[in-house]
>>> print(open('start.cif').read())   # mmCIF, C-alpha atoms and all ligand atoms
data_my_file
#
loop_
_atom_site.label_atom_id
_atom_site.label_comp_id
_atom_site.auth_asym_id
_atom_site.auth_seq_id
_atom_site.Cartn_x
_atom_site.Cartn_y
_atom_site.Cartn_z
CA MET A 1 -0.63 -24.65 -8.97
CA LYS A 2 2.15 -22.14 -9.51
CA ALA A 3 2.77 -19.69 -6.68
CA MET A 4 5.36 -17.12 -5.71
CA VAL A 5 7.31 -18.38 -2.71
CA TYR A 6 9.61 -16.52 -0.29
CA ARG A 7 12.99 -18.21 0.22
CA GLY A 8 14.74 -15.56 2.33
CA PRO A 9 15.74 -11.90 1.92
CA TYR A 10 15.99 -10.90 -1.76
CA LYS A 11 15.09 -14.47 -2.79
CA VAL A 12 11.72 -15.35 -4.25
CA ARG A 13 10.80 -17.94 -6.84
CA VAL A 14 7.86 -19.76 -8.36
CA GLU A 15 7.09 -23.21 -6.97
CA ASP A 16 4.32 -25.77 -7.28
CA LYS A 17 1.95 -25.72 -4.33
CA ASP A 18 -1.34 -27.48 -3.67
CA VAL A 19 -4.39 -25.55 -4.83
CA PRO A 20 -5.89 -24.11 -1.62
CA ARG A 21 -8.99 -25.84 -0.31
CA ILE A 22 -12.11 -24.60 1.45
CA GLU A 23 -11.07 -24.77 5.13
CA HIS A 24 -14.13 -23.07 6.61
CA PRO A 25 -17.74 -22.96 5.35
CA ARG A 26 -17.44 -19.20 4.73
CA ASP A 27 -14.30 -19.50 2.54
CA ALA A 28 -14.03 -19.16 -1.21
CA VAL A 29 -11.16 -20.11 -3.48
CA VAL A 30 -10.42 -17.51 -6.14
CA ARG A 31 -8.55 -18.15 -9.39
CA VAL A 32 -6.26 -15.13 -9.74
CA THR A 33 -6.33 -13.24 -13.03
CA ARG A 34 -4.22 -10.22 -12.01
CA ALA A 35 -2.00 -9.50 -9.03
CA ALA A 36 0.37 -6.64 -8.32
CA ILE A 37 3.53 -6.05 -6.35
CA CYS A 38 3.17 -3.31 -3.72
CA GLY A 39 5.84 -1.26 -1.95
CA SER A 40 4.76 -3.18 1.16
CA ASP A 41 5.91 -6.44 -0.45
CA LEU A 42 9.38 -4.94 -0.63
CA HIS A 43 9.56 -4.69 3.18
CA LEU A 44 8.99 -8.46 3.25
CA TYR A 45 11.35 -9.09 0.32
CA HIS A 46 14.10 -7.15 2.09
CA GLY A 47 13.63 -9.21 5.26
CA MET A 48 12.44 -6.18 7.27
CA MET A 49 9.19 -7.67 8.59
CA PRO A 50 9.42 -10.10 11.52
CA ASP A 51 8.02 -13.63 11.15
CA THR A 52 8.13 -13.76 7.36
CA ARG A 53 8.39 -17.50 6.88
CA ILE A 54 10.15 -19.46 4.17
CA GLY A 55 7.49 -20.88 1.84
CA HIS A 56 5.03 -18.01 2.36
CA THR A 57 3.27 -16.71 -0.76
CA PHE A 58 3.01 -12.90 -0.90
CA GLY A 59 0.45 -10.79 -2.71
CA HIS A 60 -2.30 -8.63 -1.24
CA GLU A 61 -3.37 -6.74 -4.37
CA PHE A 62 -5.30 -9.08 -6.69
CA VAL A 63 -8.50 -9.85 -8.55
CA GLY A 64 -9.86 -13.07 -10.01
CA VAL A 65 -12.71 -15.43 -10.67
CA VAL A 66 -14.50 -17.42 -7.98
CA HIS A 67 -13.42 -21.05 -8.38
CA GLU A 68 -15.10 -22.71 -5.40
CA VAL A 69 -17.31 -21.57 -2.52
CA GLY A 70 -17.86 -22.99 0.95
CA PRO A 71 -21.37 -24.17 1.93
CA ALA A 72 -22.10 -21.05 4.02
CA VAL A 73 -21.23 -18.52 1.30
CA GLU A 74 -24.43 -16.81 0.16
CA HIS A 75 -23.51 -13.93 -2.13
CA LEU A 76 -20.80 -15.33 -4.39
CA GLN A 77 -21.05 -17.95 -7.09
CA VAL A 78 -18.53 -19.93 -9.05
CA GLY A 79 -17.56 -17.85 -12.08
CA ASP A 80 -18.10 -14.42 -10.46
CA ARG A 81 -15.38 -11.85 -11.19
CA VAL A 82 -14.24 -10.42 -7.88
CA MET A 83 -11.92 -7.76 -6.50
CA VAL A 84 -10.54 -8.67 -3.09
CA PRO A 85 -9.48 -5.95 -0.61
CA PHE A 86 -6.07 -6.58 0.91
CA ASN A 87 -7.57 -6.85 4.40
CA VAL A 88 -8.90 -10.15 5.69
CA PHE A 89 -11.76 -9.13 8.00
CA CYS A 90 -14.84 -10.64 9.60
CA GLY A 91 -17.23 -7.72 9.18
CA SER A 92 -18.88 -8.15 12.57
CA CYS A 93 -16.42 -7.76 15.47
CA PHE A 94 -16.18 -4.63 17.67
CA PHE A 95 -13.65 -3.07 15.28
CA CYS A 96 -15.27 -4.07 11.98
CA ALA A 97 -18.56 -2.67 13.30
CA ARG A 98 -16.76 0.70 13.55
CA GLY A 99 -15.36 0.51 10.03
CA LEU A 100 -11.89 -0.44 11.29
CA TYR A 101 -11.62 -3.35 8.87
CA SER A 102 -7.83 -3.27 8.95
CA ASN A 103 -7.98 -3.82 12.72
CA CYS A 104 -10.39 -6.78 12.72
CA HIS A 105 -10.10 -8.78 15.93
CA ASN A 106 -11.08 -12.19 14.56
CA VAL A 107 -8.55 -12.89 11.85
CA ASN A 108 -5.10 -12.71 13.37
CA PRO A 109 -3.72 -14.41 16.49
CA ASN A 110 -1.49 -11.29 16.87
CA ALA A 111 -4.50 -8.99 16.55
CA THR A 112 -3.63 -6.58 19.34
CA ALA A 113 -2.68 -4.18 16.53
CA VAL A 114 -3.18 -5.06 12.89
CA GLY A 115 -5.85 -7.44 11.62
CA GLY A 116 -5.35 -9.84 8.71
CA ILE A 117 -3.59 -9.13 5.41
CA TYR A 118 -3.14 -11.58 2.53
CA GLY A 119 0.45 -12.65 1.95
CA TYR A 120 1.95 -10.42 4.58
CA SER A 121 3.83 -12.66 7.04
CA HIS A 122 2.57 -14.29 10.20
CA THR A 123 2.42 -10.91 11.95
CA THR A 124 -0.78 -10.33 9.95
CA GLY A 125 -2.24 -13.81 10.25
CA GLY A 126 -0.05 -15.91 7.93
CA TYR A 127 -2.58 -16.02 5.05
CA ASP A 128 -1.05 -17.03 1.73
CA GLY A 129 -1.44 -14.25 -0.82
CA GLY A 130 -2.55 -13.72 -4.39
CA GLN A 131 0.74 -13.85 -6.30
CA ALA A 132 -0.36 -17.35 -7.26
CA GLU A 133 -2.80 -19.09 -9.53
CA PHE A 134 -5.30 -19.62 -6.71
CA VAL A 135 -5.88 -18.08 -3.28
CA ARG A 136 -8.12 -18.93 -0.34
CA VAL A 137 -10.40 -16.04 0.60
CA PRO A 138 -11.86 -16.28 4.13
CA PHE A 139 -15.16 -14.50 4.95
CA ALA A 140 -15.95 -14.57 1.24
CA ASP A 141 -19.27 -12.76 1.68
CA VAL A 142 -17.56 -9.90 3.54
CA GLY A 143 -14.36 -8.84 1.74
CA PRO A 144 -14.69 -9.32 -2.03
CA SER A 145 -16.97 -7.27 -4.28
CA LEU A 146 -18.11 -8.16 -7.78
CA ILE A 147 -16.12 -6.24 -10.39
CA PRO A 148 -18.66 -3.95 -12.09
CA GLU A 149 -18.86 -4.61 -15.83
CA TRP A 150 -17.64 -1.07 -16.63
CA LEU A 151 -14.41 -1.54 -14.60
CA SER A 152 -11.32 -3.10 -16.19
CA GLU A 153 -9.37 -5.78 -14.32
CA ASP A 154 -6.28 -3.56 -14.26
CA ASP A 155 -8.24 -0.72 -12.63
CA ALA A 156 -9.91 -3.14 -10.21
CA THR A 157 -6.54 -4.60 -9.18
CA LEU A 158 -5.15 -1.22 -8.17
CA MET A 159 -8.32 -0.46 -6.21
CA THR A 160 -7.60 -3.41 -3.90
CA ASP A 161 -4.68 -1.50 -2.37
CA ALA A 162 -2.62 1.26 -4.05
CA LEU A 163 -5.46 3.56 -5.09
CA ALA A 164 -7.48 2.93 -1.93
CA THR A 165 -4.41 3.62 0.20
CA GLY A 166 -3.42 6.82 -1.60
CA TYR A 167 -6.99 8.07 -1.32
CA PHE A 168 -7.15 7.05 2.34
CA GLY A 169 -3.85 8.87 2.99
CA ALA A 170 -5.35 12.07 1.61
CA ALA A 171 -8.66 11.51 3.42
CA ILE A 172 -7.08 11.12 6.86
CA GLY A 173 -5.01 14.26 6.18
CA ASP A 174 -8.28 16.10 6.88
CA ILE A 175 -7.52 18.48 4.01
CA VAL A 176 -9.36 21.79 4.16
CA GLU A 177 -10.05 23.97 1.09
CA GLY A 178 -6.84 25.67 0.00
CA ASP A 179 -4.43 23.62 2.13
CA VAL A 180 -0.79 23.12 1.17
CA VAL A 181 -0.31 19.35 1.04
CA VAL A 182 3.14 17.76 0.89
CA VAL A 183 3.32 14.11 -0.12
CA LEU A 184 6.53 12.27 0.78
CA GLY A 185 7.15 9.39 -1.63
CA ALA A 186 6.21 9.18 -5.31
CA GLY A 187 5.46 5.47 -5.52
CA ALA A 188 1.97 4.41 -6.54
CA VAL A 189 0.62 5.22 -3.08
CA GLY A 190 2.13 8.72 -2.97
CA LEU A 191 1.06 9.51 -6.54
CA PHE A 192 -2.52 8.46 -5.83
CA ALA A 193 -2.45 10.44 -2.57
CA ALA A 194 -1.30 13.54 -4.47
CA LYS A 195 -4.00 13.13 -7.10
CA SER A 196 -6.64 12.52 -4.39
CA ALA A 197 -5.53 15.62 -2.43
CA TRP A 198 -6.84 17.82 -5.28
CA LEU A 199 -10.23 16.07 -5.10
CA MET A 200 -10.36 16.99 -1.42
CA GLY A 201 -9.74 20.70 -1.97
CA ALA A 202 -5.96 21.13 -1.70
CA GLY A 203 -4.68 24.49 -2.93
CA ARG A 204 -1.14 23.24 -3.56
CA VAL A 205 0.29 19.74 -3.79
CA ILE A 206 4.04 19.16 -3.51
CA VAL A 207 5.55 15.69 -4.02
CA VAL A 208 8.98 14.80 -2.62
CA ASP A 209 11.16 11.86 -3.76
CA HIS A 210 14.64 11.34 -5.18
CA LEU A 211 13.76 9.37 -8.30
CA ASP A 212 13.46 11.77 -11.23
CA GLU A 213 11.22 9.59 -13.38
CA ARG A 214 8.75 9.27 -10.52
CA LEU A 215 8.82 13.03 -9.91
CA GLU A 216 8.10 13.48 -13.60
CA LYS A 217 5.05 11.27 -13.11
CA ALA A 218 4.05 13.41 -10.13
CA ARG A 219 4.01 16.43 -12.45
CA THR A 220 2.22 14.82 -15.40
CA PHE A 221 -0.13 12.40 -13.62
CA ALA A 222 -0.79 14.22 -10.34
CA HIS A 223 -0.18 17.82 -11.54
CA ALA A 224 1.96 18.44 -8.47
CA GLU A 225 4.99 20.61 -7.80
CA THR A 226 8.00 18.41 -7.13
CA VAL A 227 11.12 18.35 -4.99
CA ASN A 228 14.07 16.00 -5.44
CA PHE A 229 15.34 15.70 -1.87
CA ALA A 230 18.78 14.55 -3.04
CA GLU A 231 19.32 17.98 -4.59
CA HIS A 232 18.76 19.85 -1.33
CA LYS A 233 20.84 19.96 1.82
CA ASP A 234 17.83 20.16 4.09
CA VAL A 235 14.43 19.25 2.72
CA VAL A 236 12.65 20.50 5.86
CA VAL A 237 14.12 23.99 5.43
CA LEU A 238 13.02 23.85 1.81
CA MET A 239 9.46 22.87 2.82
CA LYS A 240 9.41 25.87 5.16
CA ARG A 241 10.73 28.18 2.44
CA MET A 242 8.04 27.01 0.06
CA THR A 243 5.30 27.75 2.61
CA ASP A 244 6.03 31.28 3.91
CA HIS A 245 8.18 29.69 6.63
CA LEU A 246 5.10 28.23 8.31
CA GLY A 247 5.27 24.63 7.13
CA ALA A 248 2.70 22.65 5.16
CA ASP A 249 -0.85 22.30 6.45
CA VAL A 250 -0.80 18.56 5.80
CA VAL A 251 2.08 16.15 5.19
CA ILE A 252 1.41 12.61 4.00
CA ASP A 253 4.08 9.96 4.64
CA ALA A 254 3.78 7.56 1.70
CA VAL A 255 7.28 6.15 2.20
CA GLY A 256 7.31 4.02 5.35
CA ALA A 257 10.04 2.19 7.20
CA GLU A 258 12.67 1.93 4.48
CA ALA A 259 13.12 5.64 3.79
CA ASP A 260 16.32 6.92 2.25
CA GLY A 261 17.90 10.29 2.94
CA ASN A 262 19.74 9.68 6.21
CA LEU A 263 22.70 7.31 6.38
CA LEU A 264 22.63 6.95 10.18
CA GLN A 265 18.96 5.90 10.13
CA HIS A 266 19.67 3.44 7.32
CA VAL A 267 22.61 1.84 9.13
CA THR A 268 20.83 1.59 12.48
CA SER A 269 17.77 -0.02 10.88
CA ALA A 270 18.53 -2.10 7.78
CA LYS A 271 22.12 -3.01 8.75
CA LEU A 272 22.37 -3.12 12.56
CA LYS A 273 18.69 -3.83 13.31
CA LEU A 274 18.78 -1.43 16.26
CA GLN A 275 15.40 -0.07 15.22
CA GLY A 276 12.47 -1.45 13.24
CA GLY A 277 12.87 0.91 10.30
CA SER A 278 14.32 4.23 9.24
CA PRO A 279 11.68 6.85 10.04
CA VAL A 280 13.32 9.58 7.94
CA ALA A 281 10.19 10.52 6.04
CA LEU A 282 8.05 10.48 9.16
CA ASN A 283 10.49 12.79 10.94
CA TRP A 284 10.56 15.09 7.90
CA ALA A 285 6.76 15.13 8.05
CA ILE A 286 6.77 16.07 11.74
CA ASP A 287 9.38 18.80 11.13
CA GLY A 288 7.93 20.07 7.85
CA VAL A 289 4.26 20.39 8.82
CA ARG A 290 3.12 23.64 10.45
CA LYS A 291 2.22 23.89 14.12
CA GLY A 292 -1.27 22.50 14.61
CA GLY A 293 -1.08 20.71 11.24
CA THR A 294 -1.86 17.12 10.35
CA VAL A 295 0.52 14.29 9.54
CA SER A 296 -1.09 11.39 7.71
CA VAL A 297 0.90 8.17 7.77
CA VAL A 298 0.15 5.40 5.30
CA GLY A 299 3.76 4.37 4.72
CA ALA A 300 4.16 1.04 6.49
CA TYR A 301 6.01 0.57 9.78
CA GLY A 302 6.44 -2.81 11.44
CA PRO A 303 5.83 -3.74 15.05
CA ILE A 304 9.36 -2.88 16.21
CA PHE A 305 10.29 0.48 17.77
CA SER A 306 11.88 3.21 15.64
CA GLN A 307 13.26 6.66 16.45
CA VAL A 308 10.32 8.95 15.78
CA LYS A 309 10.42 12.59 16.95
CA PHE A 310 7.40 12.24 19.15
CA GLY A 311 8.27 15.15 21.45
CA ASP A 312 8.29 17.57 18.53
CA ALA A 313 4.93 16.22 17.37
CA LEU A 314 3.54 16.84 20.84
CA ASN A 315 5.02 20.29 21.24
CA LYS A 316 3.79 21.41 17.83
CA GLY A 317 0.27 20.28 18.64
CA LEU A 318 0.10 18.00 15.64
CA THR A 319 -2.66 15.63 14.70
CA LEU A 320 -1.23 12.28 13.65
CA ASN A 321 -3.62 10.07 11.68
CA MET A 322 -2.60 6.65 10.45
CA ASN A 323 -3.64 3.09 9.77
CA GLN A 324 -3.48 0.25 7.36
CA THR A 325 -6.20 1.14 4.89
CA PRO A 326 -9.71 -0.22 5.50
CA VAL A 327 -9.93 -0.79 1.75
CA LYS A 328 -13.57 -1.70 1.33
CA LYS A 329 -14.66 1.37 3.26
CA MET A 330 -13.06 3.53 0.55
CA TRP A 331 -14.70 1.75 -2.39
CA PRO A 332 -18.12 3.45 -2.68
CA ARG A 333 -16.51 6.89 -3.21
CA LEU A 334 -13.70 5.46 -5.33
CA PHE A 335 -16.15 3.69 -7.65
CA GLU A 336 -17.66 7.13 -8.36
CA HIS A 337 -14.30 8.79 -8.99
CA VAL A 338 -13.10 5.97 -11.24
CA ARG A 339 -16.37 5.71 -13.17
CA ASN A 340 -16.45 9.43 -13.91
CA GLY A 341 -12.77 9.45 -14.89
CA HIS A 342 -11.38 11.60 -12.05
CA LEU A 343 -9.11 8.73 -11.09
CA VAL A 344 -7.70 6.21 -13.57
CA PRO A 345 -5.91 3.62 -11.45
CA SER A 346 -4.25 1.75 -14.33
CA ASP A 347 -2.40 4.93 -15.41
CA LEU A 348 0.33 3.85 -13.00
CA VAL A 349 0.78 0.32 -14.36
CA THR A 350 4.28 0.24 -15.81
CA HIS A 351 4.94 -3.48 -16.28
CA ARG A 352 3.04 -6.68 -16.99
CA ILE A 353 5.00 -9.77 -16.03
CA PRO A 354 3.90 -13.43 -16.05
CA LEU A 355 3.88 -15.20 -12.68
CA GLU A 356 6.70 -17.50 -13.87
CA HIS A 357 9.01 -14.46 -13.98
CA ILE A 358 8.00 -12.93 -10.67
CA ALA A 359 11.57 -12.92 -9.33
CA GLU A 360 12.44 -10.47 -12.10
CA ALA A 361 9.43 -8.33 -11.20
CA TYR A 362 10.56 -8.12 -7.56
CA HIS A 363 14.03 -7.13 -8.67
CA LEU A 364 12.67 -4.40 -10.96
CA MET A 365 10.37 -3.03 -8.27
CA SER A 366 12.96 -3.21 -5.50
CA ALA A 367 15.76 -1.58 -7.50
CA LYS A 368 13.27 0.82 -9.19
CA LEU A 369 14.65 -0.14 -12.61
CA ASP A 370 13.15 0.65 -16.00
CA GLY A 371 10.77 3.30 -14.62
CA CYS A 372 8.97 0.64 -12.59
CA ILE A 373 6.09 1.98 -10.48
CA LYS A 374 3.45 -0.74 -10.49
CA PRO A 375 4.16 -4.19 -11.98
CA LEU A 376 1.15 -6.36 -12.67
CA ILE A 377 1.57 -10.11 -12.44
CA THR A 378 -0.41 -12.16 -14.92
CA THR A 379 -1.38 -15.83 -14.80
CA ASP A 380 -2.55 -18.35 -17.40
CA ALA A 381 -6.10 -17.30 -16.43
CA SER A 382 -5.47 -13.63 -17.37
CA GLN A 383 -7.26 -12.42 -20.45
CA GLY A 384 -6.02 -9.61 -22.64
CA ALA A 385 -2.75 -9.45 -20.72
N1 LIG B 401 -1.18 1.78 5.08
C1 LIG B 401 -1.46 0.90 4.14
O1 LIG B 401 -2.51 0.31 4.16
C2 LIG B 401 -0.50 0.69 3.02
C3 LIG B 401 -0.94 0.12 1.83
C4 LIG B 401 -0.07 0.06 0.74
C5 LIG B 401 1.23 0.49 0.89
N2 LIG B 401 1.64 0.99 2.09
C6 LIG B 401 2.98 1.50 2.28
O2 LIG B 401 3.08 2.74 1.60
C7 LIG B 401 4.46 2.97 1.24
C8 LIG B 401 4.53 3.33 -0.23
O3 LIG B 401 4.09 2.25 -1.04
P1 LIG B 401 4.46 2.24 -2.60
O4 LIG B 401 3.84 1.04 -3.19
O5 LIG B 401 4.16 3.56 -3.18
O6 LIG B 401 6.04 2.00 -2.46
P2 LIG B 401 7.30 2.37 -3.37
O7 LIG B 401 8.46 1.63 -2.79
O8 LIG B 401 6.98 2.18 -4.80
O9 LIG B 401 7.49 3.95 -3.14
C9 LIG B 401 8.19 4.53 -2.07
C10 LIG B 401 8.83 5.80 -2.60
O10 LIG B 401 9.41 6.54 -1.51
C11 LIG B 401 10.60 7.14 -1.98
N3 LIG B 401 11.41 7.58 -0.83
C12 LIG B 401 12.36 6.90 -0.15
N4 LIG B 401 12.82 7.65 0.87
C13 LIG B 401 12.16 8.82 0.83
C14 LIG B 401 12.16 10.00 1.63
N5 LIG B 401 12.96 10.10 2.70
N6 LIG B 401 11.34 11.03 1.30
C15 LIG B 401 10.51 10.96 0.21
N7 LIG B 401 10.44 9.83 -0.59
C16 LIG B 401 11.24 8.79 -0.27
C17 LIG B 401 11.22 6.08 -2.85
O11 LIG B 401 12.20 6.60 -3.71
C18 LIG B 401 9.99 5.53 -3.58
O12 LIG B 401 9.74 6.23 -4.78
C19 LIG B 401 5.20 1.69 1.62
O13 LIG B 401 5.79 1.83 2.91
C20 LIG B 401 4.10 0.67 1.71
O14 LIG B 401 4.45 -0.38 2.58
C21 LIG B 401 0.81 1.08 3.14
ZN ZN B 402 0.18 -2.95 -0.22
ZN ZN B 403 -13.75 -8.07 12.43
#
>>> encode(input="start.cif", output="structure tokens", more="lines below")
Ligand SMILES: NC(=O)c1ccc[n+]([C@@H]2O[C@H](COP(=O)([O-])OP(=O)(O)OC[C@H]3O[C@@H](n4cnc5c(N)ncnc54)[C@H](O)[C@@H]3O)[C@@H](O)[C@H]2O)c1
Ligand SMILES: [Zn+2]
Ligand SMILES: [Zn+2]
Amino acid sequence: MKAMVYRGPYKVRVEDKDVPRIEHPRDAVVRVTRAAICGSDLHLYHGMMPDTRIGHTFGHEFVGVVHEVGPAVEHLQVGDRVMVPFNVFCGSCFFCARGLYSNCHNVNPNATAVGGIYGYSHTTGGYDGGQAEFVRVPFADVGPSLIPEWLSEDDATLMTDALATGYFGAAIGDIVEGDVVVVLGAGAVGLFAAKSAWLMGAGRVIVVDHLDERLEKARTFAHAETVNFAEHKDVVVLMKRMTDHLGADVVIDAVGAEADGNLLQHVTSAKLKLQGGSPVALNWAIDGVRKGGTVSVVGAYGPIFSQVKFGDALNKGLTLNMNQTPVKKMWPRLFEHVRNGHLVPSDLVTHRIPLEHIAEAYHLMSAKLDGCIKPLITTDASQGA
């Protein structure tokens, strides 16, 4: 089969690999019909995530058709159309029993922190991902759901990560009626977080980024006020000015460890590797939220230390909520919002690129060229693509 393969920082290509086999009675093999590239894939592509091995296939946002099932799989059949959450999880350990699917204890030898994620390096279990023609899906009765007949494959694909994560980011912001919510980052995750914040009662939503075409999308798609941080000397002072000098009630970090906006942080992380990432957005969140406010972090940070202003968070009495998204936990509510049209996930799809050309898709997404927000990857099994 054809699969995307990592060859080193900024180098990916399509290679022939063996079609994955059933390795455990509870596995399924899914034939991928749509995959996407996520901002998280860029951290791998840029060589920022430890233990990203040559030959690994990325891709944790995908849907497809069940191709084969193991003998212990009860609820899926060959031919079923399925959406697969980005988390690999067992559904029955201490953590899964508490809804912490992204912290499952049974799926990752490094599971002291994160659980399993498809295509996301050996720090999350080393599972090959869905930017391929086929993918092995462990615990097939637990993770995947059948795609309802009213849901398009494009919409379903974005529900396996970007939409679920944006919605989760807003949900763990504990937004109260009338709150001022600032969203840092206008990628797919930030835009969905901004849109979701309204559904949770926000009184104002302000999106911050430095890419004008994404800020335009924040205005038209998420109906938010926008700030281009490159046009302001101090974005934290601006956030204060916009909020009666109090600060926002809730700030959502939808940027993560490769934030721009501070040269020193960039040099000490990406260049010198003195810290695991540049926590510029997270520090802006801590500084820009009001005392007693909530910072929600869905932007991804790796396992290595970075210079976060923890003392200020403590002294301001902040609530910090964060996690990798427990995707399937978000689905029941999201199905309602998508079915009744409050959220249209595919509105953020900007590109549709065949798997053969995935290197070009990574380049577009990484360099943010051609208005790229969410590229979908299609395979020979895609219909209507
Ligand atoms: N927690 C989870 O489960 C989860 C799931 C999906 C994605 N993520 C993470 O969420 C983040 C966003 O994902 P995405 O797909 O939207 O990525 P993306 O790369 O498309 O978007 C990131 C945006 O942040 C902007 N940005 C950079 N520095 C900034 C700053 N200092 N302030 C404000 N904006 C800034 C960029 O210009 C870009 O538009 C990534 O870190 C990704 O790894 C986490
Ligand atoms: Zn992702
Ligand atoms: Zn578990």
>>> closest_residue(input="start.cif", among="A:Pro20, A:Pro71, A:Gly8, A:Gly299", to="Leu184 in chain A", atoms="only C-alpha atoms")
A:Gly299
>>> residues_near_ligand(input="start.cif", ligand="ligand ZN 403 (chain B)", cutoff="9 Å", atoms="all atoms listed in the file", output="list of chain:residue names")
A:Val88, A:Phe89, A:Cys90, A:Gly91, A:Ser92, A:Cys93, A:Phe94, A:Phe95, A:Cys96, A:Ala97, A:Leu100, A:Tyr101, A:Ser102, A:Asn103, A:Cys104, A:His105, A:Asn106, A:Val107, A:Gly115
>>> residues_near_ligand(input="start.cif", ligand="ligand LIG 401 (chain B)", cutoff="6 Å", atoms="all atoms listed in the file", output="PyMOL selection string")
chain A and resi 38-40+161-162+165+184-190+208-211+254-256+259-261+280-281+298-300+323-325+373
>>> atom_distance(input="start.cif", atom1="CA of Leu42 in chain A", atom2="CA of Lys329 in chain A")
25.2 Å
>>> closest_residue(input="start.cif", among="A:Asn283, A:Thr160, A:Gln131, A:Thr294", to="Val180 in chain A", atoms="all atoms listed in the file")
A:Thr294
>>> closest_residue(input="start.cif", among="A:Gly129, A:Gly70, A:Gly173, A:Gly293", to="ligand ZN 402 (chain B)", atoms="all atoms listed in the file")
A:Gly129
>>> build_atoms(input="start.cif", residues="range 32-48 of chain A", atoms="N, CA and C atoms", output="mmCIF file, keeping the file's coordinate frame")
data_model
loop_
_atom_site.group_PDB
_atom_site.id
_atom_site.type_symbol
_atom_site.label_atom_id
_atom_site.label_comp_id
_atom_site.auth_asym_id
_atom_site.auth_seq_id
_atom_site.Cartn_x
_atom_site.Cartn_y
_atom_site.Cartn_z
ATOM 1 N N VAL A 32 -6.794 -16.494 -9.574
ATOM 2 C CA VAL A 32 -6.260 -15.130 -9.740
ATOM 3 C C VAL A 32 -6.048 -14.826 -11.219
ATOM 4 N N THR A 33 -6.551 -13.658 -11.631
ATOM 5 C CA THR A 33 -6.330 -13.240 -13.030
ATOM 6 C C THR A 33 -5.362 -12.063 -13.129
ATOM 7 N N ARG A 34 -5.205 -11.305 -12.068
ATOM 8 C CA ARG A 34 -4.220 -10.220 -12.010
ATOM 9 C C ARG A 34 -3.784 -10.074 -10.563
ATOM 10 N N ALA A 35 -2.485 -9.890 -10.362
ATOM 11 C CA ALA A 35 -2.000 -9.500 -9.030
ATOM 12 C C ALA A 35 -1.012 -8.366 -9.257
ATOM 13 N N ALA A 36 -0.633 -7.701 -8.181
ATOM 14 C CA ALA A 36 0.370 -6.640 -8.320
ATOM 15 C C ALA A 36 1.405 -6.802 -7.228
ATOM 16 N N ILE A 37 2.530 -6.132 -7.426
ATOM 17 C CA ILE A 37 3.530 -6.050 -6.350
ATOM 18 C C ILE A 37 3.406 -4.643 -5.768
ATOM 19 N N CYS A 38 3.346 -4.574 -4.435
ATOM 20 C CA CYS A 38 3.170 -3.310 -3.720
ATOM 21 C C CYS A 38 4.487 -2.955 -3.026
ATOM 22 N N GLY A 39 4.683 -1.671 -2.731
ATOM 23 C CA GLY A 39 5.840 -1.260 -1.950
ATOM 24 C C GLY A 39 5.919 -2.026 -0.633
ATOM 25 N N SER A 40 4.769 -2.417 -0.091
ATOM 26 C CA SER A 40 4.760 -3.180 1.160
ATOM 27 C C SER A 40 5.421 -4.551 0.978
ATOM 28 N N ASP A 41 5.269 -5.136 -0.198
ATOM 29 C CA ASP A 41 5.910 -6.440 -0.450
ATOM 30 C C ASP A 41 7.431 -6.303 -0.356
ATOM 31 N N LEU A 42 7.922 -5.119 -0.673
ATOM 32 C CA LEU A 42 9.380 -4.940 -0.630
ATOM 33 C C LEU A 42 9.905 -5.029 0.802
ATOM 34 N N HIS A 43 9.107 -4.563 1.781
ATOM 35 C CA HIS A 43 9.560 -4.690 3.180
ATOM 36 C C HIS A 43 9.743 -6.169 3.540
ATOM 37 N N LEU A 44 8.854 -7.014 3.013
ATOM 38 C CA LEU A 44 8.990 -8.460 3.250
ATOM 39 C C LEU A 44 10.197 -8.999 2.487
ATOM 40 N N TYR A 45 10.278 -8.622 1.223
ATOM 41 C CA TYR A 45 11.350 -9.090 0.320
ATOM 42 C C TYR A 45 12.724 -8.741 0.876
ATOM 43 N N HIS A 46 12.816 -7.577 1.530
ATOM 44 C CA HIS A 46 14.100 -7.150 2.090
ATOM 45 C C HIS A 46 14.354 -7.746 3.475
ATOM 46 N N GLY A 47 13.433 -8.564 3.955
ATOM 47 C CA GLY A 47 13.630 -9.210 5.260
ATOM 48 C C GLY A 47 13.429 -8.254 6.430
ATOM 49 N N MET A 48 12.631 -7.182 6.213
ATOM 50 C CA MET A 48 12.440 -6.180 7.270
ATOM 51 C C MET A 48 11.286 -6.533 8.221
#
